[in-house]
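**Q** Submitted below is the structure of interest, expressed as C-alpha cells.
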Number of protein chains: 2
Amino acid sequence: MAVTIKQIAEVAQVSRGTVDRALNHRPGVKAEVAARVRQIADELGYKPDMAARSLASKRYVRKKIGILLCSEGNPFFEDVLQGINNARQELNHLGVESEVKSIKGFDARAQIEKIEEFAKEGVNGIVLTPVNAPEVAEVLNGVIAKGIQVVTINTDISGVKKMAYVGCDYVTGGCVGGELLGMMSNGLTEKVAIVIGSRRVLAQEQRLRGIRRTLKKDFPNITVEAVLENEDDDEKCYDLVSSLLKEKENLTGICFAAAGVEGGIRAVREAGLERKLQIVTYDLTGVIKENMKNGTIAATVCQEPYQQGYNGVDILGKYLLSGQKPSKAVINTHVYIATKYNI
Amino acid sequence: MAVTIKQIAEVAQVSRGTVDRALNHRPGVKAEVAARVRQIADELGYKPDMAARSLASKRYVRKKIGILLCSEGNPFFEDVLQGINNARQELNHLGVESEVKSIKGFDARAQIEKIEEFAKEGVNGIVLTPVNAPEVAEVLNGVIAKGIQVVTINTDISGVKKMAYVGCDYVTGGCVGGELLGMMSNGLTEKVAIVIGSRRVLAQEQRLRGIRRTLKKDFPNITVEAVLENEDDDEKCYDLVSSLLKEKENLTGICFAAAGVEGGIRAVREAGLERKLQIVTYDLTGVIKENMKNGTIAATVCQEPYQQGYNGVDILGKYLLSGQKPSKAVINTHVYIATKYNI
DNA sequence: CTGAAAGCGCTTACAG
DNA sequence: CTGAAAGCGCTTACAG
C-alpha cells in the first residue's frame, strides 16, 4: 500500500491536519515543523492520492475554468473541442467546473471582452487560443496578476506569463510539409506554390518558414513560384488559385498551409488539374478527407487537435486540483502525416 | 453538482447500500427494487464517482493485473512499455496492482508457462501480446473461463473470447506504406522490394497484403520485384538484401516491413546505394530515427506504441474497478507517417 | 500555530 | 432481502 498522510503524521508526531498544511505549503505551520514533515514525506516516498483529495475538496470550493476559442465557423476546431469536452467531463467529476465561449476569427477586441467576462465570473484559470496582439497580452497579464492561471493552446502569444502552451511547433510542421513536397518530387525539377492565410499570423509565418527552409536545404530541385495569402477565406482562395493556374502553366504542386482549402481545390478542379498537381494540405477537416479519398490531395500534415484541447484543459484542471504545474511550459503536440488510408 | 447515490436512495426510498447493490448488479436485492433503483438512476443521469469508488474499494480487495509481452530484446516495445508503466502507476493509485513479465520472441510454450504463472498468482486479468497459436488460444480460453479477463495489445489472436484488442489495423498500415512508395515515385516506373519477417505471422501477412493492394490499385507504375523474409533477424536481413542488390541492379526502393532494419540498411550502405534507393520502414526505433536523420530512410509508418500499452492496461484496470467494458472490442490505434522532422 | 472532527461519495462486513 | 455504520485518504472550518 502507498504511504498516507496518516503514516506521516504518526512518524512526525503531529496531526494529519498539520501534515496536510505542511505538504501543501498552506499557511499556519511553524517553519521547522513544516520542514520536518516534508522531509519525512520525502523519505517515505509519499504521493498524494488524487482520488481522496478531489473527494475531500468537493465539500468546499469549486474551481472553475474558462475556455475561450477562436473557433466559430472553423472546422479545424471540432476535434479540439472534442478533446476539451472530454477533459471537462473528467474534471467535472473531480470538482472542477468549466465553461466554453467562442469568437469568430482572430479579433483582439472580441477576445478581450470575453476574457474580462471570465474574470468577472471569478474563474480560477483560462485556457485559450490567443490572438497574438499586444492589447490581448496586456489583458492576460492583468488577469494573471490577479491569480488567474492562463494556458494557451493551438497557437501562442508572446509576452505573457502563461503557465503553459500546448500545441505544435509550427516550424517543424512547415518542415514536414516541405519534406512531403520533396519526397513526392522523386528528384525531378518541380515548381510549386504555397498558399497561406496571412503573414501577420505568427503560426502561418513559421509554417511558411519551415516549408521554405526544408525545400532549400534538402530539395534544391524544387522552386517556389508563388506565395499567396488567402486570409483563410474560400472565395479569396478560389480567385487566387484560379489566376495562379492561368499564369503558371508549368506548376507541378500546391501546398495549402491554411484554411480556405475548399475554394482552392475548386479552382484546381475547374482547371482540370486535379490529377496532375501534387497537393499537400494541413490538418484534417471534412473537405480534406473527401479530397484525399478521391485522390485530389496526396497527403496532409496533422497536429493532434484533440490532444491540444484535452491536454490544455487537463493541465490547468490538475493544477487547480493539486497545485502541480506541468514540468515543461511548452508542450508540443506531434506533427504527423496522414494519407487517404489512415484518416 | 453531479447526482449521487444518496440522492437516488432518497428518491427510491431505500438505503444507500441497496442502491449500490442494485446499480452494480450485486446479489441480494429484490428484482423489482433493483429495477426501480436503476430506472431512477437512469432518469437522474447518475454517473458513479470513480474517485470515491476507488477510495472506498481500497479497504477491501486489491485487484491485480498480469502483463505479458514478447518484448525481450525488441526495441519496438520500449514505447509500449512506457505506456504500460504510466497506466500501471495511475491504476496503482486507484488500488489496482500489476506485474510485468516478458519473453523473447513469439514462443508459444514460453508464453503458456507465464500465463499459467499469472493464473496461479491469482490475477484478475491479463494484458498480453499473444502468440497466434492454437495452444495459446486454448490456455487463454481456459483462464477466461475462470473469470480472468484478457486484453490483447499490438497483435491479436483468433478464437479467444477476449475483452478487447488494442492495436493497429495491419492491412491499413500496409496500405499507408504502399501509398508512401507510390507518392515518392512521382508517376515514374519503379521497381521495389519488400522485406518482411515471416508470412507465418498474421500481422506481417496483413501488412504485406496492404502494401501490395495499394500498389496494384493506385500505383501500377510500381512493380514488386521481390518479397524477402528475414525472420526479424539483422544478419539474415543483411545477407538477403546484399544478394538482392547484386541481383537486381535497377531496384529503386525497399520497404522494410519488419524488424532487422539495421542489417538491411548496412547492406544498402555497403552497396553505396543509401542515397539512391527510396527506403520506407515501419515503426520508430533508434536505428530508424538515426537513418531518417541522415537521409537514408525517407519515411516510416508508425502505429502509436505508447497508446497500445497505455490503453490496453487502462481498459482492463477500469473494467476491474467499474465493471465497465469498452464500447468496442477492437480499439484501433492510429497509423501515421513520420519523417526526420517529426520524430 | 496546532489538533480534533466532520464530511466528500462510495463499498461492504455485520446485524437483523 | 435490507439498513445502519464504518472507513478509504484527504481537506478545512472551528476551537483553542
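By order of appearance in the C-alpha cells: chains A, B, ..., then residues from 1 within every chain, and ligands from 1 in the order shown.
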Give me, as a PyMOL selection string, the residues of chain A touching chain C, with the criterion being at most 7 Å (counting only C-alpha atoms (C1' of nucleotides)).

**A** chain A and resi 15+18+28-30+55-59

**Q** Let's have the selection written as a CSV table (one decimal), in the first residue's frame, with N, CA and C atoms.

**A**
```
chain,number,residue,atom,x,y,z
A,15,SER,N,-0.5,16.2,14.0
A,15,SER,CA,-1.9,15.7,13.5
A,15,SER,C,-1.9,15.7,12.0
A,18,THR,N,-2.0,19.1,10.3
A,18,THR,CA,-0.7,19.8,10.2
A,18,THR,C,0.1,19.2,9.0
A,28,GLY,N,0.3,28.8,8.3
A,28,GLY,CA,-0.1,28.4,9.7
A,28,GLY,C,0.6,27.2,10.2
A,29,VAL,N,1.8,27.0,9.8
A,29,VAL,CA,2.6,25.9,10.4
A,29,VAL,C,4.0,26.4,10.7
A,30,LYS,N,4.5,26.1,11.8
A,30,LYS,CA,5.9,26.6,12.2
A,30,LYS,C,6.9,26.0,11.1
A,55,LEU,N,-12.1,14.2,-3.7
A,55,LEU,CA,-13.3,13.8,-3.0
A,55,LEU,C,-13.4,14.8,-1.8
A,56,ALA,N,-12.4,15.0,-1.1
A,56,ALA,CA,-12.4,15.9,0.1
A,56,ALA,C,-12.7,17.3,-0.3
A,57,SER,N,-12.1,17.7,-1.4
A,57,SER,CA,-12.2,19.1,-1.9
A,57,SER,C,-13.7,19.5,-2.3
A,58,LYS,N,-14.4,18.4,-2.7
A,58,LYS,CA,-15.8,18.6,-3.1
A,58,LYS,C,-16.6,19.4,-2.1
A,59,ARG,N,-16.3,19.2,-0.8
A,59,ARG,CA,-17.1,19.9,0.2
A,59,ARG,C,-17.0,21.4,0.1
```

**Q** Please report, as a VMD selection string, each residue of segment 228-274 of chain B to which DSSP assigns helix (DSSP H, G or I) when run on this structure's backbone.

**A** chain B and resid 234 to 247 261 to 270

**Q** Enumerate, as an MDAnalysis selection string, the complete set of residues in segment 299-329 of chain A that a backbone-based DSSP assignment places in strand (DSSP E or B).

**A** chainID A and resid 299:302

**Q** Produce a file of the selected residues containing N, CA and C atoms, as a JSON list (two decimals), in the first residue's frame.

**A**
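And here's out.json as it stands now:
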```json
[["chain", "number", "residue", "atom", "x", "y", "z"],
["A", 299, "ALA", "N", -1.57, 14.15, -49.47],
["A", 299, "ALA", "CA", -1.32, 13.93, -48.05],
["A", 299, "ALA", "C", -1.53, 15.22, -47.29],
["A", 300, "THR", "N", -1.70, 15.10, -45.98],
["A", 300, "THR", "CA", -1.92, 16.29, -45.16],
["A", 300, "THR", "C", -1.10, 16.20, -43.89],
["A", 301, "VAL", "N", -0.67, 17.35, -43.38],
["A", 301, "VAL", "CA", 0.17, 17.37, -42.19],
["A", 301, "VAL", "C", -0.71, 17.71, -40.98],
["A", 302, "CYS", "N", -0.74, 16.82, -40.00],
["A", 302, "CYS", "CA", -1.65, 16.99, -38.87],
["A", 302, "CYS", "C", -0.91, 17.36, -37.59]]
```

**Q** Please return, as a ChimeraX atom specification, all residues of chain B lying within 8 Å of chain A when only C-alpha atoms are considered.

**A** /B:2,49-52,54-55,93-94,172-173,175-176,179,183-186,298,334-339,341-342

**Q** With only C-alpha atoms (C1' of nucleotides) as the counted atoms, please give the residues lying no more than 7 Å from Thr152 of chain A, apart from itself and same-chain residues fewer than 4 positions off, as a PyMOL selection string.

**A** chain A and resi 127-130+156+164-166

**Q** Rounded to one decimal in Å, what is the spacing between atom CA of Lys162 of chain B and atom CA of Gln149 of chain B?

**A**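 Separation of atom CA of Lys162 of chain B and atom CA of Gln149 of chain B: 6.9 Å.
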
**Q** At what distance in Å, to one decimal, does atom CA of Ile211 of chain A lie from atom CA of Lys289 of chain A?

**A**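 Atom-to-atom, atom CA of Lys289 of chain A to atom CA of Ile211 of chain A, that is 22.0 Å.
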
**Q** Neighbours of segment 74-76 of chain A within 12 Å (only C-alpha atoms (C1' of nucleotides); same-chain residues fewer than 2 positions away dropped), as number ranges by chain?

**A** A: 69-72, 78-82, 102-106, 154, 232-234, 258-262, 282-288, 302-306, 308-309
